[in-house]
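Trainee: One structure follows; several queries about it will come next.
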Amino acid sequence: MASPPIPPTLDHLVTRPFSFYPAIVGTAFYVMGFVAGRVFWEPHMPGAPAAERGAVYDAMNATIARLHGFDPAAIGLADFGRGENYVARQVERWSKQYRASQTERIDEMEDLIAWLPAHIPPAGPVRLVHGDYRLDNVILAPDSPRMLAVLDWELSTLGDPLADFSYHLMKYHMPPTDTGASTGTLVGHDLAALGIPSLDSYVGAYVKRTGLDPRPHLPAYLAYNFFRIAAILQGIIGRVRDGTATSEFAPAKAEMIRPLADKAWEFAQAAGA
């Protein structure tokens, strides 16, 4: 029996017409490039010098500020998503997702589902939003704090840049856990000793770079973002319930949902709930 033909290399694909490979035409695919660099999995950057931590955080701030500075229409992305009412639509979406995967009653989540729709912060200008921007989703140069790539764009769309930026601030308040399921936290760390900017300083740098200011409504934005991540984790637990979860850490994520809901409701109360 003859061996199957060897698939064409990427070089062949980009140098010959796609019609030459009829099996590819009409098939969804993407081209991925390799970026040689470093990924820090924890926001306190263990093992890094203090000066480098400060430079990395400044580079992260500059990168998300640059993303939020683009006018989507000016760069051909006016139809990248529905930008209007972004936070309201996100609250509705994740409330439904939470309900669909709910495994127990969490009073704070019930309170948030009732409170959030009527307390959406005034929308900022429509901009590109990443949706999951954090330190472990960027690649840094091997020998400098220069940012080479931003990863995990699955949740990117058009929306409220201040909602996107405030998601990026959750590490300053993330409840610690020892289950291996945490998304990383700066809580309990001496930021000054580490060389990491304070929350106020970090937000101020973003405001200076963009002219966009989340501070008047930051508690409401953080309530929304902690609610959102709790609902996302509940979805993972729903897949555990249904036997479709694949991550070894999936069951442990159940232990994060209540602390996240508690933190979300704490910020809702700070916003007047």
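Every chain in the structure tokens takes a letter, A first, then B, and so on in the order presented; its residues are numbered from 1, and the ligands are numbered from 1 following the presented order.
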Would you list, as a PyMOL selection string, the residues of range 12-256 of chain A that end up in strand (DSSP E or B) under DSSP run on this structure's backbone?
Mentor: chain A and resi 38+127-129+138-140+147-150+157-159
Trainee: Identify, on the basis of only C-alpha atoms, every residue whose closest approach to Phe226 in chain A does not exceed 7 Å; exclude the query and any residue fewer than 3 positions from it along the same chain; express the result as a list in words.
Mentor: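 Final neighbour list, sorted by chain and number: Leu222, Ala223, Ile229, Ala230, Leu260, Ala261, Lys263 and Ala264 of chain A.
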Trainee: For a test of reading the model, state the distance in Å between CA of Thr185 in chain A and CA of Met170 in chain A, rounded to one decimal.
Mentor: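 Pair CA of Thr185 in chain A / CA of Met170 in chain A returns 7.9 Å.
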Trainee: Might you pull out every residue within 7 Å of range 32-45 of chain A, with only C-alpha atoms counted and same-chain residues fewer than 2 positions away left off, and present them as a PyMOL selection string?
Mentor: chain A and resi 30+47-48+53+135-136+138-142+184-186
Trainee: Using all heavy atoms, can you export the residues from the last selection as a JSON list (two decimals), in the first residue's frame?
Mentor:
[["chain", "number", "residue", "atom", "x", "y", "z"],
["A", 30, "TYR", "N", -5.25, 29.22, 10.46],
["A", 30, "TYR", "CA", -4.46, 30.42, 10.71],
["A", 30, "TYR", "C", -2.99, 30.03, 10.67],
["A", 30, "TYR", "O", -2.63, 28.86, 10.77],
["A", 30, "TYR", "CB", -4.80, 31.08, 12.04],
["A", 30, "TYR", "CG", -4.48, 30.26, 13.27],
["A", 30, "TYR", "CD1", -3.27, 30.38, 13.95],
["A", 30, "TYR", "CD2", -5.43, 29.36, 13.79],
["A", 30, "TYR", "CE1", -2.99, 29.63, 15.07],
["A", 30, "TYR", "CE2", -5.15, 28.61, 14.92],
["A", 30, "TYR", "CZ", -3.93, 28.75, 15.56],
["A", 30, "TYR", "OH", -3.67, 28.02, 16.69],
["A", 47, "GLY", "N", 12.23, 35.70, 40.94],
["A", 47, "GLY", "CA", 13.56, 35.55, 40.38],
["A", 47, "GLY", "C", 14.05, 36.73, 39.56],
["A", 47, "GLY", "O", 15.24, 36.81, 39.23],
["A", 48, "ALA", "N", 13.17, 37.67, 39.23],
["A", 48, "ALA", "CA", 13.57, 38.82, 38.42],
["A", 48, "ALA", "C", 14.10, 39.93, 39.31],
["A", 48, "ALA", "O", 13.66, 40.11, 40.45],
["A", 48, "ALA", "CB", 12.39, 39.33, 37.61],
["A", 53, "ARG", "N", 11.40, 44.23, 37.02],
["A", 53, "ARG", "CA", 9.96, 44.15, 37.26],
["A", 53, "ARG", "C", 9.29, 45.48, 36.93],
["A", 53, "ARG", "O", 8.25, 45.53, 36.27],
["A", 53, "ARG", "CB", 9.68, 43.77, 38.71],
["A", 53, "ARG", "CG", 10.06, 42.34, 39.08],
["A", 53, "ARG", "CD", 9.53, 42.01, 40.47],
["A", 53, "ARG", "NE", 9.97, 40.70, 40.92],
["A", 53, "ARG", "CZ", 11.00, 40.50, 41.76],
["A", 53, "ARG", "NH1", 11.68, 41.55, 42.22],
["A", 53, "ARG", "NH2", 11.34, 39.29, 42.11],
["A", 135, "LEU", "N", 0.00, 39.41, 32.54],
["A", 135, "LEU", "CA", 1.43, 39.16, 32.36],
["A", 135, "LEU", "C", 1.70, 37.81, 31.71],
["A", 135, "LEU", "O", 2.59, 37.70, 30.85],
["A", 135, "LEU", "CB", 2.15, 39.26, 33.70],
["A", 135, "LEU", "CG", 3.68, 39.02, 33.67],
["A", 135, "LEU", "CD1", 4.37, 40.03, 32.77],
["A", 135, "LEU", "CD2", 4.25, 39.09, 35.09],
["A", 136, "ASP", "N", 0.98, 36.76, 32.10],
["A", 136, "ASP", "CA", 1.28, 35.44, 31.53],
["A", 136, "ASP", "C", 0.72, 35.26, 30.13],
["A", 136, "ASP", "O", 0.86, 34.18, 29.54],
["A", 136, "ASP", "CB", 0.77, 34.32, 32.46],
["A", 136, "ASP", "CG", -0.70, 34.43, 32.78],
["A", 136, "ASP", "OD1", -1.13, 35.51, 33.20],
["A", 136, "ASP", "OD2", -1.41, 33.42, 32.63],
["A", 138, "VAL", "N", 1.76, 37.48, 27.73],
["A", 138, "VAL", "CA", 2.68, 38.24, 26.89],
["A", 138, "VAL", "C", 4.03, 37.52, 26.86],
["A", 138, "VAL", "O", 4.37, 36.76, 27.76],
["A", 138, "VAL", "CB", 2.87, 39.69, 27.38],
["A", 138, "VAL", "CG1", 1.53, 40.41, 27.47],
["A", 138, "VAL", "CG2", 3.59, 39.75, 28.71],
["A", 139, "ILE", "N", 4.77, 37.75, 25.79],
["A", 139, "ILE", "CA", 6.13, 37.21, 25.65],
["A", 139, "ILE", "C", 7.11, 38.38, 25.70],
["A", 139, "ILE", "O", 6.97, 39.35, 24.94],
["A", 139, "ILE", "CB", 6.30, 36.43, 24.35],
["A", 139, "ILE", "CG1", 5.34, 35.23, 24.30],
["A", 139, "ILE", "CG2", 7.74, 35.94, 24.19],
["A", 139, "ILE", "CD1", 5.41, 34.43, 23.01],
["A", 140, "LEU", "N", 8.09, 38.26, 26.59],
["A", 140, "LEU", "CA", 9.11, 39.29, 26.74],
["A", 140, "LEU", "C", 10.39, 38.86, 26.04],
["A", 140, "LEU", "O", 10.68, 37.66, 25.90],
["A", 140, "LEU", "CB", 9.39, 39.53, 28.22],
["A", 140, "LEU", "CG", 8.21, 40.00, 29.06],
["A", 140, "LEU", "CD1", 8.54, 39.88, 30.54],
["A", 140, "LEU", "CD2", 7.85, 41.44, 28.70],
["A", 141, "ALA", "N", 11.19, 39.83, 25.65],
["A", 141, "ALA", "CA", 12.48, 39.54, 25.03],
["A", 141, "ALA", "C", 13.35, 38.72, 25.99],
["A", 141, "ALA", "O", 13.22, 38.85, 27.21],
["A", 141, "ALA", "CB", 13.18, 40.84, 24.65],
["A", 142, "PRO", "N", 14.23, 37.88, 25.46],
["A", 142, "PRO", "CA", 15.04, 37.01, 26.33],
["A", 142, "PRO", "C", 15.94, 37.77, 27.30],
["A", 142, "PRO", "O", 16.24, 37.28, 28.39],
["A", 142, "PRO", "CB", 15.88, 36.19, 25.35],
["A", 142, "PRO", "CG", 15.12, 36.25, 24.06],
["A", 142, "PRO", "CD", 14.47, 37.59, 24.04],
["A", 184, "GLY", "N", -3.15, 34.15, 39.50],
["A", 184, "GLY", "CA", -2.03, 34.96, 39.95],
["A", 184, "GLY", "C", -2.48, 36.16, 40.76],
["A", 184, "GLY", "O", -3.52, 36.76, 40.47],
["A", 185, "THR", "N", -1.70, 36.51, 41.76],
["A", 185, "THR", "CA", -2.08, 37.61, 42.64],
["A", 185, "THR", "C", -0.85, 38.37, 43.13],
["A", 185, "THR", "O", 0.24, 37.79, 43.26],
["A", 185, "THR", "CB", -2.88, 37.09, 43.84],
["A", 185, "THR", "OG1", -3.31, 38.20, 44.64],
["A", 185, "THR", "CG2", -2.07, 36.14, 44.70],
["A", 186, "LEU", "N", -1.06, 39.64, 43.41],
["A", 186, "LEU", "CA", -0.04, 40.46, 44.08],
["A", 186, "LEU", "C", -0.39, 40.66, 45.55],
["A", 186, "LEU", "O", 0.39, 41.30, 46.27],
["A", 186, "LEU", "CB", 0.08, 41.82, 43.38],
["A", 186, "LEU", "CG", 0.65, 41.80, 41.96],
["A", 186, "LEU", "CD1", 0.61, 43.20, 41.35],
["A", 186, "LEU", "CD2", 2.09, 41.26, 41.94]]
Trainee: Might you pull out every residue within 8 Å of Trp265 in chain A, with only C-alpha atoms counted and same-chain residues fewer than 2 positions away left off, and present them as a ChimeraX atom specification?
Mentor: /A:108-109,111-112,223,261-263,267-269
Trainee: In terms of the shortest atom-to-atom distance over only C-alpha atoms, which of A:Ile237, A:Ile75, A:Val150, A:Ala28 is closest to Ser101 in chain A?
Mentor: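 For Ser101 in chain A, the nearest of the candidates is A:Ile237.
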Trainee: When you count only C-alpha atoms, which of these residues is closest to Ala231 in chain A: A:Lys253, A:Arg127, A:His68, A:His189?
Mentor: A:Lys253
Trainee: Looking only at alpha helix (DSSP H) from DSSP on the backbone, list the matching residues of range 21-112 of chain A as number ranges by chain.
Mentor: A: 50-67, 86-101, 107-112
Trainee: Pick the closest to Arg258 in chain A from A:Gln234, A:Asp160, A:His130, A:Ala270: which is it, counting only C-alpha atoms?
Mentor: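 Of A:Gln234, A:Asp160, A:His130, A:Ala270, the one nearest Arg258 in chain A is A:Gln234, counting only C-alpha atoms.
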Trainee: Counting only C-alpha atoms, what is within 12 Å of Lys208 in chain A, bar same-chain residues fewer than 4 positions away, as a PyMOL selection string?
Mentor: chain A and resi 61-62+65-66+201-204+212-214
Trainee: So the first atom is CA of Pro219 in chain A and the second is CA of Ser156 in chain A; what is the distance between them in Å, to one decimal place?
Mentor: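 Computing it gives 22.9 Å between the two atoms.
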Trainee: Kindly indicate which residue among A:Arg105, A:Gly195, A:Tyr133, A:Leu155 lies nearest to Phe80 in chain A, using only C-alpha atoms for the distances.
Mentor: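 Among the listed residues, the smallest separation from Phe80 in chain A belongs to A:Leu155.
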Trainee: Given the choices A:Glu92, A:Glu104, A:Asp79, A:Glu84, which gets closest to Pro117 in chain A if the distance is worked out from only C-alpha atoms?
Mentor: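 Of the candidates, the smallest distance to Pro117 in chain A is held by A:Glu92.
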Trainee: Which residues are near Leu162 in chain A? Cut-off 12 Å, only C-alpha atoms, ignore same chain within fewer than 2 positions. Put them as a tab-separated table (two decimals) with N, CA and C atoms, in the first residue's frame.
Mentor:
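Saved result, result29.tsv, follows:
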chain	number	residue	atom	x	y	z
A	64	ILE	N	-0.92	48.02	26.53
A	64	ILE	CA	-2.39	48.06	26.55
A	64	ILE	C	-2.87	49.49	26.25
A	65	ALA	N	-2.10	50.49	26.66
A	65	ALA	CA	-2.46	51.86	26.32
A	65	ALA	C	-2.41	52.06	24.81
A	67	LEU	N	-2.82	49.70	22.51
A	67	LEU	CA	-3.96	48.98	21.94
A	67	LEU	C	-5.22	49.83	22.02
A	68	HIS	N	-5.44	50.46	23.18
A	68	HIS	CA	-6.64	51.25	23.40
A	68	HIS	C	-6.59	52.61	22.71
A	69	GLY	N	-5.45	52.92	22.12
A	69	GLY	CA	-5.33	54.18	21.40
A	69	GLY	C	-5.74	54.09	19.94
A	86	TYR	N	-20.94	47.34	25.60
A	86	TYR	CA	-20.08	46.16	25.78
A	86	TYR	C	-20.26	45.53	27.16
A	87	VAL	N	-20.16	46.34	28.22
A	87	VAL	CA	-20.22	45.77	29.57
A	87	VAL	C	-21.61	45.21	29.84
A	120	ILE	N	-24.10	49.72	35.38
A	120	ILE	CA	-23.03	49.66	34.39
A	120	ILE	C	-22.34	51.02	34.32
A	121	PRO	N	-21.00	51.07	34.39
A	121	PRO	CA	-20.32	52.37	34.27
A	121	PRO	C	-20.59	53.02	32.91
A	122	PRO	N	-20.55	54.34	32.86
A	122	PRO	CA	-20.70	55.01	31.56
A	122	PRO	C	-19.65	54.50	30.59
A	123	ALA	N	-20.06	54.18	29.38
A	123	ALA	CA	-19.16	53.56	28.42
A	123	ALA	C	-18.08	54.53	27.97
A	124	GLY	N	-16.87	54.02	27.83
A	124	GLY	CA	-15.81	54.80	27.22
A	124	GLY	C	-15.92	54.71	25.71
A	125	PRO	N	-14.98	55.30	24.98
A	125	PRO	CA	-15.02	55.21	23.52
A	125	PRO	C	-14.82	53.77	23.08
A	126	VAL	N	-15.41	53.40	21.95
A	126	VAL	CA	-15.26	52.04	21.43
A	126	VAL	C	-13.83	51.85	20.93
A	127	ARG	N	-13.19	50.84	21.46
A	127	ARG	CA	-11.80	50.54	21.11
A	127	ARG	C	-11.62	49.03	20.99
A	128	LEU	N	-10.48	48.61	20.49
A	128	LEU	CA	-10.11	47.20	20.52
A	128	LEU	C	-9.90	46.79	21.97
A	129	VAL	N	-10.48	45.66	22.35
A	129	VAL	CA	-10.23	45.12	23.69
A	129	VAL	C	-9.68	43.71	23.54
A	130	HIS	N	-8.72	43.39	24.37
A	130	HIS	CA	-8.08	42.06	24.31
A	130	HIS	C	-8.95	41.01	24.99
A	131	GLY	N	-9.45	41.33	26.18
A	131	GLY	CA	-10.34	40.41	26.88
A	131	GLY	C	-9.68	39.53	27.91
A	158	LEU	N	-14.49	44.50	19.83
A	158	LEU	CA	-14.61	45.93	20.08
A	158	LEU	C	-15.40	46.11	21.37
A	159	GLY	N	-15.00	47.08	22.17
A	159	GLY	CA	-15.70	47.29	23.43
A	159	GLY	C	-15.16	48.46	24.21
A	160	ASP	N	-15.39	48.40	25.51
A	160	ASP	CA	-15.02	49.48	26.43
A	160	ASP	C	-13.58	49.26	26.91
A	164	ASP	N	-11.62	46.61	29.84
A	164	ASP	CA	-10.46	45.78	29.49
A	164	ASP	C	-9.28	46.08	30.41
A	165	PHE	N	-9.02	47.36	30.64
A	165	PHE	CA	-7.90	47.75	31.50
A	165	PHE	C	-8.13	47.33	32.93
A	166	SER	N	-9.36	47.47	33.43
A	166	SER	CA	-9.62	47.12	34.83
A	166	SER	C	-9.55	45.61	35.05
A	167	TYR	N	-9.84	44.81	34.04
A	167	TYR	CA	-9.59	43.36	34.14
A	167	TYR	C	-8.12	43.12	34.44
A	168	HIS	N	-7.28	43.88	33.77
A	168	HIS	CA	-5.84	43.78	33.92
A	168	HIS	C	-5.37	44.18	35.33
A	169	LEU	N	-6.23	44.86	36.09
A	169	LEU	CA	-5.88	45.29	37.45
A	169	LEU	C	-6.26	44.27	38.52
A	203	VAL	N	-2.35	52.81	37.48
A	203	VAL	CA	-3.52	53.41	36.84
A	203	VAL	C	-3.18	54.81	36.34
A	206	TYR	N	-1.47	54.76	33.00
A	206	TYR	CA	-2.40	54.50	31.91
A	206	TYR	C	-3.20	55.75	31.56
A	207	VAL	N	-3.67	56.44	32.58
A	207	VAL	CA	-4.44	57.67	32.36
A	207	VAL	C	-3.59	58.69	31.61
A	210	THR	N	-3.29	57.54	27.88
A	210	THR	CA	-4.48	57.43	27.03
A	210	THR	C	-5.47	58.57	27.18
A	211	GLY	N	-5.45	59.25	28.31
A	211	GLY	CA	-6.49	60.23	28.60
A	211	GLY	C	-7.79	59.59	29.05
A	212	LEU	N	-7.80	58.27	29.17
A	212	LEU	CA	-8.98	57.52	29.65
A	212	LEU	C	-8.80	57.24	31.12
A	213	ASP	N	-9.83	57.48	31.92
A	213	ASP	CA	-9.67	57.39	33.37
A	213	ASP	C	-10.72	56.47	33.99
A	214	PRO	N	-10.32	55.28	34.46
A	214	PRO	CA	-11.29	54.37	35.08
A	214	PRO	C	-11.60	54.70	36.52
A	215	ARG	N	-10.85	55.62	37.14
A	215	ARG	CA	-10.92	55.79	38.59
A	215	ARG	C	-12.29	56.20	39.11
A	216	PRO	N	-13.07	57.06	38.42
A	216	PRO	CA	-14.38	57.41	38.98
A	216	PRO	C	-15.33	56.22	39.11
A	217	HIS	N	-15.12	55.18	38.32
A	217	HIS	CA	-16.03	54.03	38.34
A	217	HIS	C	-15.26	52.72	38.53
A	218	LEU	N	-14.06	52.81	39.10
A	218	LEU	CA	-13.24	51.61	39.21
A	218	LEU	C	-13.88	50.50	40.05
A	219	PRO	N	-14.53	50.80	41.19
A	219	PRO	CA	-15.18	49.71	41.94
A	219	PRO	C	-16.22	48.95	41.11
A	220	ALA	N	-17.02	49.67	40.32
A	220	ALA	CA	-18.03	48.99	39.49
A	220	ALA	C	-17.37	48.15	38.41
A	221	TYR	N	-16.31	48.68	37.80
A	221	TYR	CA	-15.59	47.90	36.79
A	221	TYR	C	-14.99	46.63	37.41
A	222	LEU	N	-14.42	46.74	38.61
A	222	LEU	CA	-13.83	45.58	39.25
A	222	LEU	C	-14.90	44.59	39.70
A	224	TYR	N	-17.67	44.06	38.11
A	224	TYR	CA	-18.01	43.37	36.87
A	224	TYR	C	-16.95	42.33	36.51
A	225	ASN	N	-15.68	42.70	36.58
A	225	ASN	CA	-14.63	41.79	36.14
A	225	ASN	C	-14.47	40.58	37.05
